[in-house]
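Peer 1: Structure file query.cif (mmCIF, C-alpha atoms) is given on the next line.
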```
data_entry
#
loop_
_atom_site.group_PDB
_atom_site.id
_atom_site.type_symbol
_atom_site.label_atom_id
_atom_site.label_comp_id
_atom_site.auth_asym_id
_atom_site.auth_seq_id
_atom_site.Cartn_x
_atom_site.Cartn_y
_atom_site.Cartn_z
ATOM 1 C CA MET A 246 -12.714 35.743 7.613
ATOM 2 C CA PRO A 247 -10.028 34.297 5.322
ATOM 3 C CA ASP A 248 -11.029 31.401 3.149
ATOM 4 C CA HIS A 249 -8.982 28.316 3.886
ATOM 5 C CA PRO A 250 -8.447 25.999 0.942
ATOM 6 C CA ARG A 251 -10.659 22.968 1.401
ATOM 7 C CA THR A 252 -8.789 19.718 2.001
ATOM 8 C CA PRO A 253 -9.937 17.192 -0.584
ATOM 9 C CA SER A 254 -11.538 14.057 0.806
ATOM 10 C CA ASP A 255 -9.984 10.639 0.327
ATOM 11 C CA ALA A 256 -12.699 9.752 -2.175
ATOM 12 C CA GLU A 257 -11.879 12.817 -4.294
ATOM 13 C CA ILE A 258 -8.163 12.077 -4.222
ATOM 14 C CA ILE A 259 -8.773 8.449 -5.136
ATOM 15 C CA ARG A 260 -10.957 9.512 -8.052
ATOM 16 C CA ARG A 261 -8.177 11.802 -9.316
ATOM 17 C CA ILE A 262 -5.589 9.033 -9.028
ATOM 18 C CA ILE A 263 -7.787 6.583 -10.897
ATOM 19 C CA ASP A 264 -8.294 9.224 -13.568
ATOM 20 C CA GLY A 265 -4.548 9.202 -14.128
ATOM 21 C CA GLU A 266 -3.199 11.858 -11.751
ATOM 22 C CA VAL A 267 -0.385 9.791 -10.219
ATOM 23 C CA ASN A 268 1.025 12.644 -8.122
ATOM 24 C CA ALA A 269 -2.239 12.944 -6.173
ATOM 25 C CA PHE A 270 -1.234 9.719 -4.438
ATOM 26 C CA GLU A 271 1.302 11.744 -2.461
ATOM 27 C CA HIS A 272 -1.595 13.263 -0.466
ATOM 28 C CA LEU A 273 -2.655 9.812 0.653
ATOM 29 C CA LEU A 274 0.912 8.804 1.377
ATOM 30 C CA LYS A 275 1.516 11.840 3.583
ATOM 31 C CA LYS A 276 -1.809 11.462 5.345
ATOM 32 C CA TYR A 277 -1.438 7.778 6.163
ATOM 33 C CA GLN A 278 2.325 7.265 6.409
ATOM 34 C CA ASP A 279 2.373 7.342 10.229
ATOM 35 C CA HIS A 280 -0.515 4.938 10.439
ATOM 36 C CA VAL A 281 1.165 2.468 8.079
ATOM 37 C CA LEU A 282 4.519 2.836 9.814
ATOM 38 C CA ARG A 283 2.940 2.089 13.197
ATOM 39 C CA ILE A 284 1.537 -1.172 11.871
ATOM 40 C CA VAL A 285 4.658 -2.198 9.998
ATOM 41 C CA LYS A 286 7.083 -1.398 12.828
ATOM 42 C CA LYS A 287 5.251 -3.731 15.189
ATOM 43 C CA HIS A 288 5.162 -6.701 12.858
ATOM 44 C CA MET A 289 8.465 -6.434 11.011
ATOM 45 C CA PRO A 290 12.163 -6.596 11.899
ATOM 46 C CA TYR A 291 13.559 -3.056 12.154
ATOM 47 C CA GLN A 292 15.733 -3.327 9.026
ATOM 48 C CA GLU A 293 12.715 -4.300 6.896
ATOM 49 C CA VAL A 294 10.360 -1.516 8.004
ATOM 50 C CA GLU A 295 11.113 1.051 5.289
ATOM 51 C CA GLU A 296 11.024 -1.456 2.442
ATOM 52 C CA THR A 297 7.744 -2.926 3.672
ATOM 53 C CA ALA A 298 6.136 0.495 4.161
ATOM 54 C CA GLN A 299 7.015 1.307 0.552
ATOM 55 C CA GLU A 300 5.603 -2.008 -0.568
ATOM 56 C CA VAL A 301 2.333 -1.284 1.264
ATOM 57 C CA PHE A 302 1.814 1.996 -0.605
ATOM 58 C CA VAL A 303 2.772 0.469 -3.946
ATOM 59 C CA ARG A 304 0.268 -2.342 -3.396
ATOM 60 C CA ALA A 305 -2.377 0.176 -2.341
ATOM 61 C CA TYR A 306 -1.782 2.204 -5.502
ATOM 62 C CA GLN A 307 -2.089 -0.858 -7.715
ATOM 63 C CA ALA A 308 -5.246 -2.042 -5.944
ATOM 64 C CA LEU A 309 -6.890 1.390 -5.893
ATOM 65 C CA PRO A 310 -9.283 0.750 -8.822
ATOM 66 C CA GLY A 311 -10.811 -2.080 -6.773
ATOM 67 C CA PHE A 312 -11.193 -0.004 -3.583
ATOM 68 C CA GLN A 313 -14.719 0.117 -2.211
ATOM 69 C CA GLU A 314 -15.538 2.767 0.324
ATOM 70 C CA GLU A 315 -17.431 0.530 2.761
ATOM 71 C CA GLY A 316 -14.887 0.380 5.598
ATOM 72 C CA GLY A 317 -13.000 3.549 4.675
ATOM 73 C CA PHE A 318 -9.561 3.998 3.170
ATOM 74 C CA ARG A 319 -7.735 3.780 6.501
ATOM 75 C CA GLN A 320 -9.151 0.345 7.266
ATOM 76 C CA TRP A 321 -8.462 -0.846 3.736
ATOM 77 C CA LEU A 322 -4.864 0.364 3.951
ATOM 78 C CA SER A 323 -4.412 -1.301 7.356
ATOM 79 C CA SER A 324 -5.482 -4.565 5.816
ATOM 80 C CA ILE A 325 -2.943 -4.163 2.994
ATOM 81 C CA ALA A 326 -0.226 -3.373 5.550
ATOM 82 C CA VAL A 327 -1.011 -6.404 7.723
ATOM 83 C CA ARG A 328 -1.135 -8.690 4.692
ATOM 84 C CA ALA A 329 2.192 -7.322 3.407
ATOM 85 C CA CYS A 330 3.746 -8.182 6.789
ATOM 86 C CA TYR A 331 2.175 -11.625 6.725
ATOM 87 C CA ASP A 332 3.519 -12.209 3.178
ATOM 88 C CA PHE A 333 6.973 -11.199 4.347
ATOM 89 C CA TRP A 334 6.913 -13.736 7.172
ATOM 90 C CA ARG A 335 5.490 -16.464 4.966
ATOM 91 C CA LYS A 336 8.389 -16.024 2.547
ATOM 92 C CA ARG A 337 10.877 -15.862 5.392
ATOM 93 C CA TYR A 338 9.649 -19.072 6.981
ATOM 94 C CA ARG A 339 9.440 -20.838 3.630
ATOM 95 C CA SER A 340 13.031 -19.959 2.773
ATOM 96 C CA LYS A 341 14.043 -20.872 6.346
ATOM 97 C CA GLU A 342 15.651 -17.482 6.904
ATOM 98 C CA VAL A 343 14.133 -17.077 10.346
ATOM 99 C CA PRO A 344 16.840 -17.328 13.031
ATOM 100 C CA MET A 345 16.210 -20.295 15.332
ATOM 101 C CA SER A 346 19.061 -19.920 17.820
ATOM 102 C CA ASP A 347 18.454 -20.936 21.408
ATOM 103 C CA LEU A 348 18.059 -18.497 24.244
ATOM 104 C CA SER A 349 21.424 -17.435 25.613
ATOM 105 C CA GLY A 350 22.456 -17.505 29.256
ATOM 106 C CA ASN A 351 21.911 -13.735 29.371
ATOM 107 C CA HIS A 352 18.301 -14.135 28.326
ATOM 108 C CA ARG A 353 17.679 -16.824 30.901
ATOM 109 C CA ASP A 354 19.301 -14.677 33.600
ATOM 110 C CA TRP A 355 17.180 -11.742 32.532
ATOM 111 C CA MET A 356 13.990 -13.786 32.747
ATOM 112 C CA GLU A 357 14.911 -15.171 36.134
ATOM 113 C CA ARG A 358 15.743 -11.703 37.435
ATOM 114 C CA THR A 359 12.618 -10.141 35.997
ATOM 115 C CA LEU A 360 10.151 -12.805 36.961
ATOM 116 C CA SER A 361 11.413 -12.992 40.518
ATOM 117 C CA ARG A 362 10.401 -9.353 41.047
ATOM 118 C CA GLU A 363 6.946 -8.913 42.372
ATOM 119 C CA SER A 364 6.453 -5.198 41.848
ATOM 120 C CA ASP A 365 4.420 -4.117 38.795
ATOM 121 C CA THR A 366 6.445 -0.951 38.454
ATOM 122 C CA SER A 367 9.499 -2.934 37.428
ATOM 123 C CA PHE A 368 7.752 -3.935 34.159
ATOM 124 C CA HIS A 369 8.235 -0.479 32.733
ATOM 125 C CA GLU A 370 11.947 -0.631 33.373
ATOM 126 C CA GLU A 371 12.357 -4.186 32.171
ATOM 127 C CA ARG A 372 10.476 -3.773 28.905
ATOM 128 C CA ARG A 373 13.086 -1.288 27.725
ATOM 129 C CA GLU A 374 15.810 -3.834 28.005
ATOM 130 C CA ASN A 375 16.946 -5.410 24.784
ATOM 131 C CA GLU A 376 16.498 -8.819 26.332
ATOM 132 C CA ALA A 377 12.720 -8.382 26.374
ATOM 133 C CA ARG A 378 12.681 -7.755 22.640
ATOM 134 C CA GLU A 379 15.064 -10.599 21.956
ATOM 135 C CA VAL A 380 13.000 -13.058 23.986
ATOM 136 C CA LEU A 381 9.916 -11.831 22.140
ATOM 137 C CA ASP A 382 11.614 -12.420 18.774
ATOM 138 C CA TRP A 383 12.864 -15.804 19.929
ATOM 139 C CA ALA A 384 9.341 -16.915 20.849
ATOM 140 C CA LEU A 385 7.681 -15.503 17.717
ATOM 141 C CA ASN A 386 10.313 -17.044 15.433
ATOM 142 C CA ARG A 387 9.303 -20.447 16.736
ATOM 143 C CA LEU A 388 5.726 -20.024 15.617
ATOM 144 C CA SER A 389 4.505 -20.322 12.033
ATOM 145 C CA ALA A 390 3.805 -17.170 9.994
ATOM 146 C CA GLN A 391 0.065 -17.585 10.596
ATOM 147 C CA ASP A 392 0.459 -18.148 14.326
ATOM 148 C CA ARG A 393 2.811 -15.232 14.577
ATOM 149 C CA MET A 394 0.320 -12.816 13.022
ATOM 150 C CA ILE A 395 -2.529 -14.097 15.170
ATOM 151 C CA VAL A 396 -0.517 -13.850 18.390
ATOM 152 C CA GLU A 397 0.541 -10.314 17.546
ATOM 153 C CA LEU A 398 -2.887 -9.093 16.477
ATOM 154 C CA MET A 399 -5.070 -10.846 19.022
ATOM 155 C CA TYR A 400 -2.916 -11.674 22.003
ATOM 156 C CA PHE A 401 -0.725 -8.581 22.085
ATOM 157 C CA GLU A 402 -2.902 -5.935 20.429
ATOM 158 C CA GLY A 403 -6.193 -7.295 21.729
ATOM 159 C CA LEU A 404 -8.111 -7.268 18.439
ATOM 160 C CA SER A 405 -11.324 -9.263 18.219
ATOM 161 C CA VAL A 406 -11.655 -12.373 16.056
ATOM 162 C CA LYS A 407 -13.692 -10.409 13.531
ATOM 163 C CA GLU A 408 -11.183 -7.551 13.352
ATOM 164 C CA ALA A 409 -8.238 -9.925 12.906
ATOM 165 C CA ALA A 410 -10.153 -11.880 10.254
ATOM 166 C CA GLY A 411 -10.917 -8.640 8.383
ATOM 167 C CA LEU A 412 -7.297 -7.505 8.441
ATOM 168 C CA LEU A 413 -5.847 -10.826 7.365
ATOM 169 C CA GLY A 414 -8.616 -11.670 4.899
ATOM 170 C CA TRP A 415 -9.275 -15.006 6.622
ATOM 171 C CA SER A 416 -12.557 -16.547 7.703
ATOM 172 C CA VAL A 417 -13.712 -16.038 11.291
ATOM 173 C CA THR A 418 -13.558 -19.800 11.887
ATOM 174 C CA LYS A 419 -9.962 -20.005 10.701
ATOM 175 C CA VAL A 420 -8.969 -17.166 13.017
ATOM 176 C CA LYS A 421 -10.750 -18.780 15.976
ATOM 177 C CA VAL A 422 -9.023 -22.115 15.483
ATOM 178 C CA ARG A 423 -5.662 -20.506 14.791
ATOM 179 C CA SER A 424 -5.919 -18.216 17.801
ATOM 180 C CA PHE A 425 -6.538 -21.107 20.182
ATOM 181 C CA ARG A 426 -3.639 -23.137 18.775
ATOM 182 C CA SER A 427 -1.184 -20.261 18.598
ATOM 183 C CA ARG A 428 -1.826 -19.213 22.193
ATOM 184 C CA LYS A 429 -1.255 -22.783 23.322
ATOM 185 C CA LYS A 430 1.987 -22.991 21.334
ATOM 186 C CA LEU A 431 3.267 -19.729 22.768
ATOM 187 C CA GLU A 432 2.345 -20.783 26.288
ATOM 188 C CA THR A 433 4.116 -24.139 25.925
ATOM 189 C CA LEU A 434 7.198 -22.431 24.495
ATOM 190 C CA LEU A 435 7.503 -19.837 27.220
ATOM 191 C CA LYS A 436 6.602 -22.119 30.099
ATOM 192 C CA ALA A 437 9.411 -24.437 29.028
ATOM 193 C CA VAL A 438 12.006 -21.711 29.571
ATOM 194 C CA ILE A 439 10.774 -19.976 32.726
ATOM 195 C CA MET B 138 1.596 -24.917 38.887
ATOM 196 C CA ARG B 139 -0.048 -21.653 39.937
ATOM 197 C CA HIS B 140 3.404 -20.182 40.441
ATOM 198 C CA LEU B 141 4.373 -21.136 36.883
ATOM 199 C CA GLN B 142 1.147 -19.641 35.528
ATOM 200 C CA ARG B 143 1.808 -16.379 37.391
ATOM 201 C CA LYS B 144 5.353 -16.207 36.016
ATOM 202 C CA TYR B 145 4.025 -16.861 32.534
ATOM 203 C CA GLU B 146 1.470 -14.080 32.783
ATOM 204 C CA THR B 147 4.134 -11.683 34.050
ATOM 205 C CA LEU B 148 6.393 -12.598 31.145
ATOM 206 C CA ILE B 149 3.569 -12.122 28.631
ATOM 207 C CA THR B 150 2.887 -8.656 30.045
ATOM 208 C CA ILE B 151 6.542 -7.719 29.623
ATOM 209 C CA LEU B 152 6.654 -9.122 26.103
ATOM 210 C CA ARG B 153 3.489 -7.232 25.191
ATOM 211 C CA GLU B 154 5.123 -4.015 26.411
ATOM 212 C CA ALA B 155 8.222 -4.844 24.349
ATOM 213 C CA TYR B 156 6.014 -5.436 21.327
ATOM 214 C CA PHE B 157 4.448 -1.970 21.617
ATOM 215 C CA GLU B 158 7.865 -0.407 22.227
ATOM 216 C CA LYS B 159 8.753 -1.343 18.638
ATOM 217 C CA GLU B 160 6.361 1.386 17.494
ATOM 218 C CA HIS B 161 8.779 4.037 18.738
ATOM 219 C CA ALA B 162 11.725 2.949 16.616
ATOM 220 C CA GLU B 163 12.974 5.773 14.384
ATOM 221 C CA VAL B 164 13.041 5.251 10.628
ATOM 222 C CA GLY B 165 14.696 7.294 7.909
ATOM 223 C CA GLY B 166 12.842 9.961 5.941
ATOM 224 C CA GLN B 167 13.679 8.660 2.477
ATOM 225 C CA TRP B 168 11.219 5.825 2.133
ATOM 226 C CA GLN B 169 8.286 8.096 1.213
ATOM 227 C CA ALA B 170 10.240 9.592 -1.695
ATOM 228 C CA ASN B 171 11.269 6.091 -2.792
ATOM 229 C CA ALA B 172 7.669 4.892 -2.588
ATOM 230 C CA MET B 173 6.485 7.796 -4.759
ATOM 231 C CA ARG B 174 9.291 7.114 -7.222
ATOM 232 C CA ARG B 175 8.187 3.494 -7.536
ATOM 233 C CA ILE B 176 4.566 4.568 -7.939
ATOM 234 C CA ARG B 177 5.403 7.122 -10.626
ATOM 235 C CA GLY B 178 7.386 4.380 -12.351
ATOM 236 C CA LEU B 179 4.222 2.290 -12.524
ATOM 237 C CA GLY B 180 2.484 5.007 -14.522
ATOM 238 C CA PRO B 181 -1.117 6.242 -14.427
ATOM 239 C CA LEU B 182 -3.742 3.707 -13.441
ATOM 240 C CA ARG B 183 -6.256 4.485 -16.173
ATOM 241 C CA THR B 184 -4.004 3.938 -19.187
ATOM 242 C CA ARG B 185 -2.311 0.984 -17.576
ATOM 243 C CA THR B 186 -5.419 -0.938 -16.647
ATOM 244 C CA ASN B 187 -8.101 0.327 -18.940
ATOM 245 C CA PHE B 188 -8.259 -2.455 -21.495
ATOM 246 C CA PHE B 189 -7.645 -5.337 -19.116
ATOM 247 C CA MET B 190 -10.000 -3.979 -16.487
ATOM 248 C CA PHE B 191 -12.688 -3.515 -19.087
ATOM 249 C CA PHE B 192 -12.085 -7.019 -20.387
ATOM 250 C CA GLU B 193 -12.039 -8.519 -16.885
ATOM 251 C CA GLN B 194 -15.186 -6.698 -15.834
ATOM 252 C CA PHE B 195 -17.284 -7.909 -18.710
ATOM 253 C CA PHE B 196 -15.746 -11.218 -19.699
ATOM 254 C CA TRP B 197 -17.393 -13.468 -17.109
ATOM 255 C CA ARG B 198 -20.614 -11.472 -17.064
ATOM 256 C CA LEU B 199 -21.032 -11.960 -20.792
ATOM 257 C CA THR B 200 -19.961 -15.602 -20.865
ATOM 258 C CA PRO B 201 -23.433 -17.164 -20.211
ATOM 259 C CA ALA B 202 -25.063 -14.864 -22.763
ATOM 260 C CA THR B 203 -22.377 -15.713 -25.331
ATOM 261 C CA CYS B 204 -22.783 -19.468 -24.765
ATOM 262 C CA LEU B 205 -26.544 -19.145 -25.107
ATOM 263 C CA LEU B 206 -26.149 -17.157 -28.313
ATOM 264 C CA ILE B 207 -23.819 -19.811 -29.768
ATOM 265 C CA LEU B 208 -26.280 -22.586 -28.895
ATOM 266 C CA ILE B 209 -29.212 -20.709 -30.430
ATOM 267 C CA SER B 210 -27.237 -19.908 -33.586
ATOM 268 C CA THR B 211 -26.165 -23.559 -33.978
ATOM 269 C CA ALA B 212 -29.743 -24.780 -33.507
ATOM 270 C CA LEU B 213 -30.965 -22.240 -36.048
ATOM 271 C CA LEU B 214 -28.352 -23.315 -38.579
ATOM 272 C CA PHE B 215 -29.420 -26.948 -38.224
ATOM 273 C CA LYS B 216 -33.073 -26.016 -38.426
ATOM 274 C CA LEU B 217 -32.567 -23.889 -41.568
ATOM 275 C CA ASP B 218 -30.510 -26.642 -43.161
ATOM 276 C CA PHE B 219 -27.779 -24.161 -43.853
ATOM 277 C CA PHE B 220 -24.835 -26.156 -45.102
ATOM 278 C CA PRO B 221 -23.186 -24.228 -47.915
ATOM 279 C CA GLU B 222 -20.034 -26.279 -47.588
ATOM 280 C CA TYR B 223 -21.864 -29.577 -47.919
ATOM 281 C CA ASP B 224 -21.262 -30.018 -51.654
ATOM 282 C CA LEU B 225 -17.665 -29.039 -51.264
ATOM 283 C CA VAL B 226 -17.022 -31.653 -48.575
ATOM 284 C CA ALA B 227 -18.997 -34.285 -50.476
ATOM 285 C CA SER B 228 -16.922 -33.753 -53.608
ATOM 286 C CA LEU B 229 -13.723 -34.128 -51.594
ATOM 287 C CA ILE B 230 -14.905 -37.351 -49.949
ATOM 288 C CA TYR B 231 -16.730 -39.098 -52.772
ATOM 289 C CA ASP B 232 -15.088 -37.839 -55.927
ATOM 290 C CA THR B 233 -12.508 -40.345 -56.982
ATOM 291 C CA GLU B 234 -10.815 -37.863 -59.268
ATOM 292 C CA GLU B 235 -7.969 -36.022 -57.642
ATOM 293 C CA LEU B 236 -8.800 -32.392 -57.152
ATOM 294 C CA THR B 237 -6.451 -29.727 -56.207
ATOM 295 C CA LEU B 238 -7.703 -26.903 -54.052
ATOM 296 C CA THR B 239 -7.069 -24.470 -56.890
ATOM 297 C CA GLN B 240 -9.373 -26.396 -59.185
ATOM 298 C CA LEU B 241 -11.945 -26.761 -56.535
ATOM 299 C CA PHE B 242 -12.196 -23.057 -55.842
ATOM 300 C CA GLY B 243 -12.040 -22.279 -59.517
ATOM 301 C CA PHE B 244 -8.999 -20.052 -59.519
#
```
How would this structure read if it were set down as structure tokens?
Peer 2:
Amino acid sequence: MPDHPRTPSDAEIIRRIIDGEVNAFEHLLKKYQDHVLRIVKKHMPYQEVEETAQEVFVRAYQALPGFQEEGGFRQWLSSIAVRACYDFWRKRYRSKEVPMSDLSGNHRDWMERTLSRESDTSFHEERRENEAREVLDWALNRLSAQDRMIVELMYFEGLSVKEAAGLLGWSVTKVKVRSFRSRKKLETLLKAVI
Amino acid sequence: MRHLQRKYETLITILREAYFEKEHAEVGGQWQANAMRRIRGLGPLRTRTNFFMFFEQFFWRLTPATCLLILISTALLFKLDFFPEYDLVASLIYDTEELTLTQLFGF
């Protein structure tokens, strides 16, 4: 039987990187790039995805000496990715670069058309329409950076309070309070336009 | 009211689907190379962080011990009556003759 070269574990690769072997980081990048991209694509505007994904790996590299293996590298990297997205939105909101335009007539027509249909099967067709994404962006842009992250992680992705708190580095209490408020805000926003 | 709630829930379901659709957006293949370039530009971790990490790791841990050591040393100095500079200071304060530092140190 041929001997296959053993794939080094994350811990071994991390040890090598900390010992000064910068190029070993490429193993981690290749292994986790899809995972990071999946996170970043959901939270970021399309044109910012590549830059943010790069930023995530650069931050991970810099923070590597402080990495503790408790939750595993994947979980640790997810947390860095989510926090990088949150930082992006915080800066965006602070510099007031988030577009706040009203919903257009097209969007309102789309909502009326979609919501008047009763069949569940129509969801799969409607979600592909650009209008769905634009209405989503419109609603999320009206929330704060914190509310936005909580809505995305808990309301859309269905993470638990503890999971969201771990990813964002917030206390469980803060996430609980924020989750209640952000859901209410989103509900008020959307109910006002349907 | 119930009608509005139903419409809201339908809309949320559609928006949730749209949110997950974002995962399928295609991105270019250059960002990984750019990320590695930036990382290589940062240099190796060990040489870059060694001194500061070492300093950071031990600074706060050693602070209480250092303070205690200073206090003990000061108390010991008082107790042993160790004031070699006492005469020097006294001569500066009480001596009415003007002394230059050169004279004082005997150069």
Peer 1: Tell me as an MDAnalysis selection string which residues belonging to chain B come within 9 Å of chain A, counting all atoms listed in the file.
Peer 2: chainID B and resid 141:142 144:145 147:162 164:165 167:169 171:173 175:177 179:184 186
Peer 1: So how many Å separate CA of Ser349 (chain A) and CA of Trp383 (chain A), to one decimal?
Peer 2: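 According to the coordinates, CA of Ser349 (chain A) and CA of Trp383 (chain A) are separated by 10.4 Å.
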Peer 1: Provide the CA of Ala329 (chain A) to CA of Pro253 (chain A) distance in Å, to one decimal place.
Peer 2: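 Distance between the two atoms: 27.6 Å.
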Peer 1: Can you measure CA of Arg387 (chain A) to CA of Ala409 (chain A) for me? One decimal in Å is fine.
Peer 2: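 Taking CA of Arg387 (chain A) as the start and CA of Ala409 (chain A) as the end point, the length is 20.8 Å.
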Peer 1: Residues near Met399 (chain A), anyone? I mean within 12 Å using only C-alpha atoms, not counting same-chain ones fewer than 6 positions away, as a JSON list (two decimals) with C-alpha atoms, in the frame of the given file.
Peer 2:
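Heads up, here's the output in around_12.json:
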```json
[["chain", "number", "residue", "atom", "x", "y", "z"],
["A", 391, "GLN", "CA", 0.06, -17.58, 10.60],
["A", 392, "ASP", "CA", 0.46, -18.15, 14.33],
["A", 393, "ARG", "CA", 2.81, -15.23, 14.58],
["A", 405, "SER", "CA", -11.32, -9.26, 18.22],
["A", 406, "VAL", "CA", -11.66, -12.37, 16.06],
["A", 407, "LYS", "CA", -13.69, -10.41, 13.53],
["A", 408, "GLU", "CA", -11.18, -7.55, 13.35],
["A", 409, "ALA", "CA", -8.24, -9.93, 12.91],
["A", 410, "ALA", "CA", -10.15, -11.88, 10.25],
["A", 412, "LEU", "CA", -7.30, -7.50, 8.44],
["A", 413, "LEU", "CA", -5.85, -10.83, 7.36],
["A", 420, "VAL", "CA", -8.97, -17.17, 13.02],
["A", 421, "LYS", "CA", -10.75, -18.78, 15.98],
["A", 423, "ARG", "CA", -5.66, -20.51, 14.79],
["A", 424, "SER", "CA", -5.92, -18.22, 17.80],
["A", 425, "PHE", "CA", -6.54, -21.11, 20.18],
["A", 427, "SER", "CA", -1.18, -20.26, 18.60],
["A", 428, "ARG", "CA", -1.83, -19.21, 22.19],
["B", 153, "ARG", "CA", 3.49, -7.23, 25.19]]
```
Peer 1: Which protein, DNA or RNA residues have an atom at most 9 Å from (2.7, -10.7, 5.8), counting all atoms listed in the file? List them as a PyMOL selection string.
Peer 2: chain A and resi 288-289+326-336+390-391+394+413
Peer 1: Export C-alpha atoms of the chosen residues as an mmCIF file, in the coordinates of the input?
Peer 2:
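Everything below was put into again30.cif:
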```
data_model
loop_
_atom_site.group_PDB
_atom_site.id
_atom_site.type_symbol
_atom_site.label_atom_id
_atom_site.label_comp_id
_atom_site.auth_asym_id
_atom_site.auth_seq_id
_atom_site.Cartn_x
_atom_site.Cartn_y
_atom_site.Cartn_z
ATOM 1 C CA HIS A 288 5.162 -6.701 12.858
ATOM 2 C CA MET A 289 8.465 -6.434 11.011
ATOM 3 C CA ALA A 326 -0.226 -3.373 5.550
ATOM 4 C CA VAL A 327 -1.011 -6.404 7.723
ATOM 5 C CA ARG A 328 -1.135 -8.690 4.692
ATOM 6 C CA ALA A 329 2.192 -7.322 3.407
ATOM 7 C CA CYS A 330 3.746 -8.182 6.789
ATOM 8 C CA TYR A 331 2.175 -11.625 6.725
ATOM 9 C CA ASP A 332 3.519 -12.209 3.178
ATOM 10 C CA PHE A 333 6.973 -11.199 4.347
ATOM 11 C CA TRP A 334 6.913 -13.736 7.172
ATOM 12 C CA ARG A 335 5.490 -16.464 4.966
ATOM 13 C CA LYS A 336 8.389 -16.024 2.547
ATOM 14 C CA ALA A 390 3.805 -17.170 9.994
ATOM 15 C CA GLN A 391 0.065 -17.585 10.596
ATOM 16 C CA MET A 394 0.320 -12.816 13.022
ATOM 17 C CA LEU A 413 -5.847 -10.826 7.365
#
```
Peer 1: Residues at most 10 Å from Ala256 (chain A), counting all atoms listed in the file, excluding those fewer than 3 positions away in the same chain, as a PyMOL selection string?
Peer 2: chain A and resi 253+259-262+312-314+317-318
Peer 1: Would you place a box with edges along x, y and z of the file around all atoms of region 268-276 of chain A listed there, add 3 Å to each of its six sides, and report the centre and edge lengths in Å to one decimal, as lines of an AutoDock Vina configuration file?
Peer 2:
```
center_x = -0.6
center_y = 11.0
center_z = -1.4
size_x = 10.2
size_y = 10.5
size_z = 19.5
```
